[in-house]
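Trainee: Structure below; questions to follow.
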Amino acid sequence: MHWSDVVAQRLSERGQKHIVSTGITPSGEFHIGHLREILTGDMIAKAAKKAGLDVEFVFIVDSADPLRKVYSFLDDSYSTYIGHQLKQIPPPNAEGRPDMERFDQGISYADHFLEPFRQALEQIDVRPRFIDNYEAYADGNFAETARIACNNADKIREIIERVSSRELSDDWFPWNPIDSKGSIDGIRVTGWNDPIVSWIDAEGNEGTSDVTKGEGKLPWRIDWPAKWAWIGVTMEPFGKDHGAAGGSYDTGKEIVELFGKAAPVDLTYEWISLRGQGAMSSSSGNTIGPLEALSLVPPEILRYLVASTKPNKAIEFDTGMGLVNLADEFERTTARDFSIEMQKEGLSRRQTVAIEDAKTALELSLISPLEETSKVTFRHLAMLAQTKSNDEDVWNSLGLAGNVAQSMIDRLDRMRTWIQSRHFPDELRITILEEPDVEAVGRLDGENLAILPTLVEALEACEWDASSIQSTISNAAKSRDMSPRHAYRALYLCIMGAERGPRLPTILTELDQSTIVNLLRACLEESVEP
RNA sequence: GGGCCUGUAGCUCAGUCAGGUAGAGCGUCGGGCUUUUAACCCGAUGGUCGCGGGUUCGAACCCCGUCGGGCCCGCCA
């Protein structure tokens with residue numbers, strides 16, 4: 001059974017109506033690691049729907065969280081905003097400075113980072129109900145839970161200290177009020193008179209905060225279960241940081257009972273890291289953003305990456321050959337006929353499960369109907385995109401002329417972007433030698449050497465277009481009673497230094513005829529001199 | 001100190017939750033495709049399942065131990 005179906009089954013054991021929730025703090029650039037959180041939730045919601053459950057998928061934007069520190073991409077002037085809620089501070093401009101102009105237009109720091117992520121979500125066909133946490137506080141959605149928390153401060157303190165074996169300071173209180181300057185840092189609660197918290201801030205100013213009106217926020221370990229309670233969350237996937245023993249899920253599932261609710265079904269997922277570069281980190285700039293990833297690969301591939309990997313498995317995102325292999329695996333999967341595979345006799349349980357999982361992973365990945373996708377592999381398209389500068393030539397080669405689906409046009413655009421990017425693997429890059437590669441020439445065998453002089457002469461004389469070059473090569477081989485592949489091997493070794501390569505004639509037409517002939521001549525000379 | 005994940009073919013991994021003759025893709029090698037030669041088709045190659053014990057008729061799988069890799073436990077989501 002696919003992992004999403006396993007979760008759906010757990011949900012159906014609990015009841016008919018469900019809310020699957022995900023959430024992210026917009027404190028900086030979103031990256032593909034965040035995509036795992038929301039795709040995991042999306043896929044569980046889809047599986048629950050398939051199982052006949054009444055399910056809603058929500059995405060909470062934690063815009064009530066404070067700015068923790070001046071991140072590396074921010075200007076030092078942001079230090080005045082530390083402790084201020086992300087919805088209440090200006091977005092950074094290109095230099096990382098506060099952009100007051102946009103802030104005046106109503107765009108906050110949180111909005112600034114959320115917007116590109118929203119666009120990416122649309123592209124990958126994830127359409128949750130968005131909940132802005134800051135607004136939820138302002139609208140009074142946390143009123144009840146906040147009052148319960150404050151009235152049960154001792155119980156909550158006991159839970160957190162026991163479960164997380166952490167000691168809370170004497171003046172700890174389950175509410176972070178906002179001080180006279182808009183910060184929730186360095187402020188101390190001095191009294192509680194339901195529903196009013198009194199406080200004194202770092203500069204000695206005193207004031208009060210109404211917990212039912214969002215004049216502050218609940219600390220994270222209470223904020224989370226409070227969200228479960230007011231939204232009615234019954235399932236939530238979360239990163240392994242929350243899942244550790246004594247972590248916020250462990251304390252949350254006890255705290256939520258004070259609110260009269262049960263903890264949601266949990267699922268801990270592993271991180272996505274970048275191959276060879278370790279964990280993704282916004283501060284070090286070591287990230288791939290969702291939009292950047294989507295500029296390289298179709299959304300289906302990103303969905304497939306998450307769908308085909310069990311959540312507890314760490315993913316190493318590889319923008320080079322790994323991406324090619326992933327994409328080609330996806331293409332092969334789309335071509336499979338699962339119903340025929342399942343009818344095969346003598347399947348072990350293991351094989352049956354593998355087929356079912358592949359089928360489900362594919363279903364969860366597809367955005368448009370299968371008919372619209374093409375069978376062309378990434379490798380093949382990479383070759384075509386490099387050898388044909390004109391899109392029409394690519395469609396002709398694929399036999400799609402005059403009837404090109406939008407998804408194919410997108411794929412070619414992405415491929416061209418990828419080829420020009422730093423991510424494109426050398427292994428797929430087509431290189432033409434400028435002078436003979438001595439080592440490669442040394443690998444020419446007797447038949448290669450025999451055909452080479454004939455080839456050089458024929459190519460020098462032939463018309464320089466794809467079909468002429470092709471027949472010239474074939475005829476040269478036939479004239480000496482040998483298979484064309486000997487001729488091709490000779491050419492690949494001389495022109496590219498490899499025994500095989502992409503289809504030659506089309507590449508040669510993009511190159512200068514005399515340059516190629518001269519290169520071949522030079523190889524010929526190299527080969528006769530021992 | 002507490003906890004989680006992980007170790008299976010050259011590479012990426014599935015298989016571990018319900019023990020039953022070790023799997024897939026890629027790679028490599030060979031053949032075919034006698035003009036789509038990084039495509040496609042066929043075949044082959046390839047693993048003491050990290051290590052040591054235990055349970056069992058039978059263990060990659062369950063139990064104990066051990067070694068290696070990654071990670072989480074600061075009001076930080």
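Ligands are numbered from 1 in the order shown, residues from 1 within each chain, and chains are lettered A, B, ... in the order they appear in the structure tokens.
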Define the interface residues of chain A facing chain B as those within 6 Å, counting only C-alpha atoms (C1' of nucleotides), and report them as a short mmCIF file (atom, residue, chain, number, x, y, z; two decimals) with C-alpha atoms, in the first residue's frame.
Mentor:
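See out.cif below for the written result:
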data_model
loop_
_atom_site.label_atom_id
_atom_site.label_comp_id
_atom_site.auth_asym_id
_atom_site.auth_seq_id
_atom_site.Cartn_x
_atom_site.Cartn_y
_atom_site.Cartn_z
CA ASP A 241 12.49 18.50 14.15
CA ALA A 244 11.80 14.25 18.21
CA ALA A 245 10.95 12.76 21.59
CA GLN A 470 23.40 10.52 -43.25
CA SER A 471 23.33 8.74 -46.57
CA GLY A 501 26.99 9.83 -29.05
CA PRO A 502 23.79 11.47 -30.11
#
Trainee: Give me the residues within 10 Å of Lys313 in chain A as a PDB file with C-alpha atoms (C1' of nucleotides), in the first residue's frame, counting only C-alpha atoms (C1' of nucleotides) and dropping any in the same chain fewer than 5 places off.
Mentor:
ATOM      1  CA  TYR A 269       8.930  13.426   7.212  1.00  0.00           C
ATOM      2  CA  GLU A 270      12.636  13.685   6.519  1.00  0.00           C
ATOM      3  CA  TRP A 271      14.443  16.683   5.059  1.00  0.00           C
ATOM      4  CA  ILE A 272      15.353  17.299   1.485  1.00  0.00           C
ATOM      5  CA  VAL A 306       7.813  13.263  -3.198  1.00  0.00           C
TER       6      VAL A 306
ATOM      7  C1'   C B   5      16.346   7.924  10.506  1.00  0.00           C
ATOM      8  C1'   U B   6      19.805   5.114   7.750  1.00  0.00           C
TER       9        U B   6
END
Trainee: Name the residues in contact with range 57-73 of chain A at a cut-off of 6 Å, using only C-alpha atoms (C1' of nucleotides), excluding same-chain residues fewer than 4 positions from it; report them as a list in words.
Mentor: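 The residues that qualify are Ile19, Val20, Ser21, Thr22, Gly23, Ile24, Thr25, Ser79, Ile82, Gly83, His84, Gln85, Leu86, Lys87, Gly96, Ala110, Pro128, Arg129, Phe130, Ile131, Asp132, Asn133, Tyr134 and Ser283 of chain A.
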Trainee: For the selection you just gave me, I'd like the residues written to a file as an mmCIF file, in the first residue's frame, keeping N, CA and C atoms.
Mentor:
data_model
loop_
_atom_site.group_PDB
_atom_site.id
_atom_site.type_symbol
_atom_site.label_atom_id
_atom_site.label_comp_id
_atom_site.auth_asym_id
_atom_site.auth_seq_id
_atom_site.Cartn_x
_atom_site.Cartn_y
_atom_site.Cartn_z
ATOM 1 N N ILE A 19 -9.524 17.256 8.526
ATOM 2 C CA ILE A 19 -8.809 18.429 8.044
ATOM 3 C C ILE A 19 -7.319 18.140 8.130
ATOM 4 N N VAL A 20 -6.684 18.118 6.969
ATOM 5 C CA VAL A 20 -5.246 17.903 6.896
ATOM 6 C C VAL A 20 -4.598 19.278 6.869
ATOM 7 N N SER A 21 -3.634 19.479 7.751
ATOM 8 C CA SER A 21 -3.036 20.807 7.866
ATOM 9 C C SER A 21 -1.530 20.778 7.646
ATOM 10 N N THR A 22 -1.029 21.836 7.041
ATOM 11 C CA THR A 22 0.411 22.042 6.924
ATOM 12 C C THR A 22 0.673 23.499 7.292
ATOM 13 N N GLY A 23 1.907 23.831 7.550
ATOM 14 C CA GLY A 23 2.192 25.213 7.909
ATOM 15 C C GLY A 23 3.665 25.528 7.809
ATOM 16 N N ILE A 24 3.951 26.762 7.424
ATOM 17 C CA ILE A 24 5.340 27.174 7.260
ATOM 18 C C ILE A 24 5.477 28.632 7.706
ATOM 19 N N THR A 25 6.615 28.946 8.313
ATOM 20 C CA THR A 25 6.894 30.319 8.694
ATOM 21 C C THR A 25 7.588 31.049 7.550
ATOM 22 N N SER A 79 17.614 45.017 12.335
ATOM 23 C CA SER A 79 17.762 44.670 13.750
ATOM 24 C C SER A 79 16.676 45.333 14.607
ATOM 25 N N ILE A 82 13.646 42.942 15.052
ATOM 26 C CA ILE A 82 13.742 41.637 15.712
ATOM 27 C C ILE A 82 12.678 41.558 16.804
ATOM 28 N N GLY A 83 11.957 40.452 16.814
ATOM 29 C CA GLY A 83 10.893 40.287 17.795
ATOM 30 C C GLY A 83 9.540 40.764 17.296
ATOM 31 N N HIS A 84 9.558 41.470 16.155
ATOM 32 C CA HIS A 84 8.289 41.943 15.606
ATOM 33 C C HIS A 84 7.687 40.875 14.705
ATOM 34 N N GLN A 85 6.368 40.848 14.642
ATOM 35 C CA GLN A 85 5.704 39.808 13.861
ATOM 36 C C GLN A 85 5.878 40.032 12.363
ATOM 37 N N LEU A 86 6.039 38.952 11.651
ATOM 38 C CA LEU A 86 6.393 39.024 10.231
ATOM 39 C C LEU A 86 5.342 39.744 9.391
ATOM 40 N N LYS A 87 4.126 39.766 9.881
ATOM 41 C CA LYS A 87 3.057 40.429 9.149
ATOM 42 C C LYS A 87 3.106 41.940 9.392
ATOM 43 N N GLY A 96 18.128 44.029 0.359
ATOM 44 C CA GLY A 96 17.899 43.501 1.701
ATOM 45 C C GLY A 96 17.483 44.582 2.689
ATOM 46 N N ALA A 110 6.055 38.966 5.454
ATOM 47 C CA ALA A 110 5.484 37.629 5.247
ATOM 48 C C ALA A 110 4.943 37.485 3.827
ATOM 49 N N PRO A 128 -4.554 24.533 -1.451
ATOM 50 C CA PRO A 128 -5.113 24.454 -0.099
ATOM 51 C C PRO A 128 -5.924 25.695 0.225
ATOM 52 N N ARG A 129 -6.640 25.632 1.352
ATOM 53 C CA ARG A 129 -7.240 26.839 1.897
ATOM 54 C C ARG A 129 -6.151 27.515 2.722
ATOM 55 N N PHE A 130 -5.830 28.760 2.378
ATOM 56 C CA PHE A 130 -4.769 29.458 3.099
ATOM 57 C C PHE A 130 -5.331 30.068 4.373
ATOM 58 N N ILE A 131 -4.575 29.921 5.447
ATOM 59 C CA ILE A 131 -4.969 30.564 6.694
ATOM 60 C C ILE A 131 -3.800 31.433 7.147
ATOM 61 N N ASP A 132 -4.064 32.729 7.277
ATOM 62 C CA ASP A 132 -3.032 33.645 7.742
ATOM 63 C C ASP A 132 -3.105 33.692 9.260
ATOM 64 N N ASN A 133 -2.051 33.227 9.896
ATOM 65 C CA ASN A 133 -2.113 33.076 11.342
ATOM 66 C C ASN A 133 -2.254 34.415 12.067
ATOM 67 N N TYR A 134 -1.601 35.446 11.525
ATOM 68 C CA TYR A 134 -1.703 36.751 12.164
ATOM 69 C C TYR A 134 -3.159 37.214 12.171
ATOM 70 N N SER A 283 20.108 30.720 5.001
ATOM 71 C CA SER A 283 21.111 31.711 5.393
ATOM 72 C C SER A 283 22.413 31.556 4.608
#
Trainee: Contacts of Glu499 in chain A at 6 Å or less, counting only C-alpha atoms (C1' of nucleotides), minus same-chain residues fewer than 2 places along, as a PDB file with N, CA and C atoms, in the first residue's frame?
Mentor:
ATOM      1  N   ARG A 489      31.173   4.803 -35.238  1.00  0.00           N
ATOM      2  CA  ARG A 489      32.121   4.728 -34.118  1.00  0.00           C
ATOM      3  C   ARG A 489      33.369   5.548 -34.445  1.00  0.00           C
ATOM      4  N   TYR A 492      32.492   9.256 -34.105  1.00  0.00           N
ATOM      5  CA  TYR A 492      32.329   9.701 -32.717  1.00  0.00           C
ATOM      6  C   TYR A 492      33.678   9.851 -32.017  1.00  0.00           C
ATOM      7  N   LEU A 493      34.555   8.861 -32.258  1.00  0.00           N
ATOM      8  CA  LEU A 493      35.860   8.934 -31.601  1.00  0.00           C
ATOM      9  C   LEU A 493      36.642  10.154 -32.086  1.00  0.00           C
TER      10      LEU A 493
END
Trainee: Leaving out G65 in chain B and any residue of its chain fewer than 3 positions from it, which residues lie within 12 Å of it when counting only C-alpha atoms (C1' of nucleotides), given as a tab-separated table (two decimals) with N, CA, C and O atoms (P, O5', C5', C4', C3', O3' and C1' of nucleotides), in the first residue's frame?
Mentor:
chain	number	residue	atom	x	y	z
B	51	C	P	27.47	-7.92	6.62
B	51	C	O5'	28.23	-7.94	8.02
B	51	C	C5'	29.65	-7.79	8.08
B	51	C	C4'	30.09	-7.77	9.52
B	51	C	C3'	29.55	-8.91	10.38
B	51	C	O3'	30.28	-10.11	10.22
B	51	C	C1'	29.26	-6.87	11.51
B	52	G	P	29.55	-11.50	10.42
B	52	G	O5'	29.34	-11.54	11.99
B	52	G	C5'	30.46	-11.46	12.86
B	52	G	C4'	30.02	-11.54	14.30
B	52	G	C3'	28.96	-12.60	14.58
B	52	G	O3'	29.52	-13.89	14.68
B	52	G	C1'	28.35	-10.58	15.66
B	53	G	P	28.52	-15.16	14.71
B	53	G	O5'	28.06	-15.10	16.21
B	53	G	C5'	26.93	-15.80	16.60
B	53	G	C4'	26.38	-15.24	17.89
B	53	G	C3'	24.99	-15.72	18.19
B	53	G	O3'	25.00	-16.99	18.79
B	53	G	C1'	25.03	-13.37	18.37
B	54	G	P	24.08	-18.13	18.12
B	54	G	O5'	22.67	-17.73	18.71
B	54	G	C5'	22.51	-17.49	20.10
B	54	G	C4'	21.22	-16.81	20.40
B	54	G	C3'	19.98	-17.50	19.84
B	54	G	O3'	19.57	-18.58	20.64
B	54	G	C1'	19.85	-15.17	19.42
Trainee: Which residues are near G47 in chain B? Cut-off 12 Å, only C-alpha atoms (C1' of nucleotides), ignore same chain within fewer than 6 positions. Put them as a PyMOL selection string.
Mentor: chain B and resi 8-10+22-23+60
Trainee: Pull the closest atom pair for each residue of range 355-457 of chain A that gets at most 10 Å from range 41-49 of chain A, along with the distance in Å to one decimal, counting only C-alpha atoms, ordering rows by chain and then ascending residue number, as a tab-separated table.
Mentor:
residue	atom	partner	partner_atom	distance
A:Thr360	CA	A:Ala47	CA	9.2
A:Ala361	CA	A:Met43	CA	9.4
A:Glu363	CA	A:Met43	CA	9.9
A:Leu364	CA	A:Met43	CA	6.5
A:Ser365	CA	A:Met43	CA	9.0
Trainee: Those same residues - all heavy atoms - I'd like them written as a PDB file, in the first residue's frame.
Mentor:
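Final output, saved to again-v8.pdb:
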ATOM      1  N   THR A 360       0.046   4.244  -7.690  1.00  0.00           N
ATOM      2  CA  THR A 360      -0.443   5.348  -6.861  1.00  0.00           C
ATOM      3  C   THR A 360       0.482   6.563  -6.949  1.00  0.00           C
ATOM      4  O   THR A 360       0.018   7.699  -7.042  1.00  0.00           O
ATOM      5  CB  THR A 360      -0.558   4.899  -5.396  1.00  0.00           C
ATOM      6  OG1 THR A 360      -1.360   3.717  -5.348  1.00  0.00           O
ATOM      7  CG2 THR A 360      -1.195   5.979  -4.550  1.00  0.00           C
ATOM      8  N   ALA A 361       1.786   6.326  -6.923  1.00  0.00           N
ATOM      9  CA  ALA A 361       2.736   7.441  -7.010  1.00  0.00           C
ATOM     10  C   ALA A 361       2.511   8.210  -8.309  1.00  0.00           C
ATOM     11  O   ALA A 361       2.542   9.437  -8.332  1.00  0.00           O
ATOM     12  CB  ALA A 361       4.170   6.922  -6.940  1.00  0.00           C
ATOM     13  N   GLU A 363      -0.332   8.353 -10.060  1.00  0.00           N
ATOM     14  CA  GLU A 363      -1.616   9.067  -9.973  1.00  0.00           C
ATOM     15  C   GLU A 363      -1.480  10.355  -9.175  1.00  0.00           C
ATOM     16  O   GLU A 363      -2.075  11.372  -9.519  1.00  0.00           O
ATOM     17  CB  GLU A 363      -2.668   8.165  -9.314  1.00  0.00           C
ATOM     18  CG  GLU A 363      -3.153   7.041 -10.213  1.00  0.00           C
ATOM     19  CD  GLU A 363      -3.937   5.982  -9.444  1.00  0.00           C
ATOM     20  OE1 GLU A 363      -4.055   6.087  -8.195  1.00  0.00           O
ATOM     21  OE2 GLU A 363      -4.417   5.052 -10.097  1.00  0.00           O
ATOM     22  N   LEU A 364      -0.690  10.295  -8.112  1.00  0.00           N
ATOM     23  CA  LEU A 364      -0.522  11.477  -7.271  1.00  0.00           C
ATOM     24  C   LEU A 364       0.338  12.535  -7.950  1.00  0.00           C
ATOM     25  O   LEU A 364       0.340  13.694  -7.553  1.00  0.00           O
ATOM     26  CB  LEU A 364       0.113  11.084  -5.935  1.00  0.00           C
ATOM     27  CG  LEU A 364      -0.768  10.300  -4.973  1.00  0.00           C
ATOM     28  CD1 LEU A 364       0.047   9.798  -3.791  1.00  0.00           C
ATOM     29  CD2 LEU A 364      -1.934  11.146  -4.487  1.00  0.00           C
ATOM     30  N   SER A 365       1.079  12.132  -8.962  1.00  0.00           N
ATOM     31  CA  SER A 365       2.004  13.065  -9.617  1.00  0.00           C
ATOM     32  C   SER A 365       1.382  13.795 -10.788  1.00  0.00           C
ATOM     33  O   SER A 365       1.769  14.917 -11.090  1.00  0.00           O
ATOM     34  CB  SER A 365       3.243  12.309 -10.117  1.00  0.00           C
ATOM     35  OG  SER A 365       3.814  11.552  -9.086  1.00  0.00           O
TER      36      SER A 365
END
Trainee: So which residues touch Val297 in chain A within 8 Å, counting only C-alpha atoms (C1' of nucleotides), skipping near sequence neighbours fewer than 6 positions away, as a PDB file with N, CA and C atoms, in the first residue's frame?
Mentor:
ATOM      1  N   ARG A 411       7.960  21.883 -21.698  1.00  0.00           N
ATOM      2  CA  ARG A 411       9.102  21.003 -21.406  1.00  0.00           C
ATOM      3  C   ARG A 411      10.344  21.438 -22.159  1.00  0.00           C
ATOM      4  N   ARG A 414      11.791  24.518 -20.571  1.00  0.00           N
ATOM      5  CA  ARG A 414      12.507  24.182 -19.345  1.00  0.00           C
ATOM      6  C   ARG A 414      13.844  23.537 -19.663  1.00  0.00           C
ATOM      7  N   MET A 415      13.825  22.683 -20.674  1.00  0.00           N
ATOM      8  CA  MET A 415      15.072  22.016 -21.040  1.00  0.00           C
ATOM      9  C   MET A 415      16.114  23.034 -21.481  1.00  0.00           C
TER      10      MET A 415
END
Trainee: Can you tell me, as a PyMOL selection string, which residues in range 208-237 of chain A count as strand (DSSP E) by DSSP?
Mentor: chain A and resi 208-210+216-217+235-237
Trainee: Using only C-alpha atoms, can you tell me which of A:Ser4, A:Thr454, A:Ser308, A:Thr506 comes closest to Arg521 in chain A?
Mentor: A:Thr454
Trainee: What residues in range 371-526 of chain A get the DSSP label alpha helix (DSSP H)? Please answer as JSON, numbers by chain.
Mentor: {"A": [378, 379, 380, 381, 382, 383, 384, 385, 386, 387, 391, 392, 393, 394, 395, 396, 397, 406, 407, 408, 409, 410, 411, 412, 413, 414, 415, 416, 417, 418, 419, 420, 438, 439, 440, 441, 442, 446, 447, 448, 449, 450, 451, 452, 453, 454, 455, 456, 457, 458, 459, 460, 461, 466, 467, 468, 469, 470, 471, 472, 473, 474, 475, 476, 477, 478, 484, 485, 486, 487, 488, 489, 490, 491, 492, 493, 494, 495, 504, 505, 506, 507, 508, 509, 513, 514, 515, 516, 517, 518, 519, 520, 521, 522, 523, 524, 525, 526]}
Trainee: Please measure the separation of CA of Ala226 in chain A and CA of Val265 in chain A, giving the value in Å to one decimal.
Mentor: 15.4 Å
Trainee: Compare B:G7, B:U45, B:G19, B:G1 by their minimum atom-to-atom distance to C67 in chain B, counting only C-alpha atoms (C1' of nucleotides), and give me the closest one.
Mentor: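 Distance minimum relative to C67 in chain B lands on B:G7.
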Trainee: CA of Pro299 in chain A and CA of Met342 in chain A, how far apart in Å?
Mentor: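 CA of Pro299 in chain A lies at a distance of 28.0 Å from CA of Met342 in chain A.
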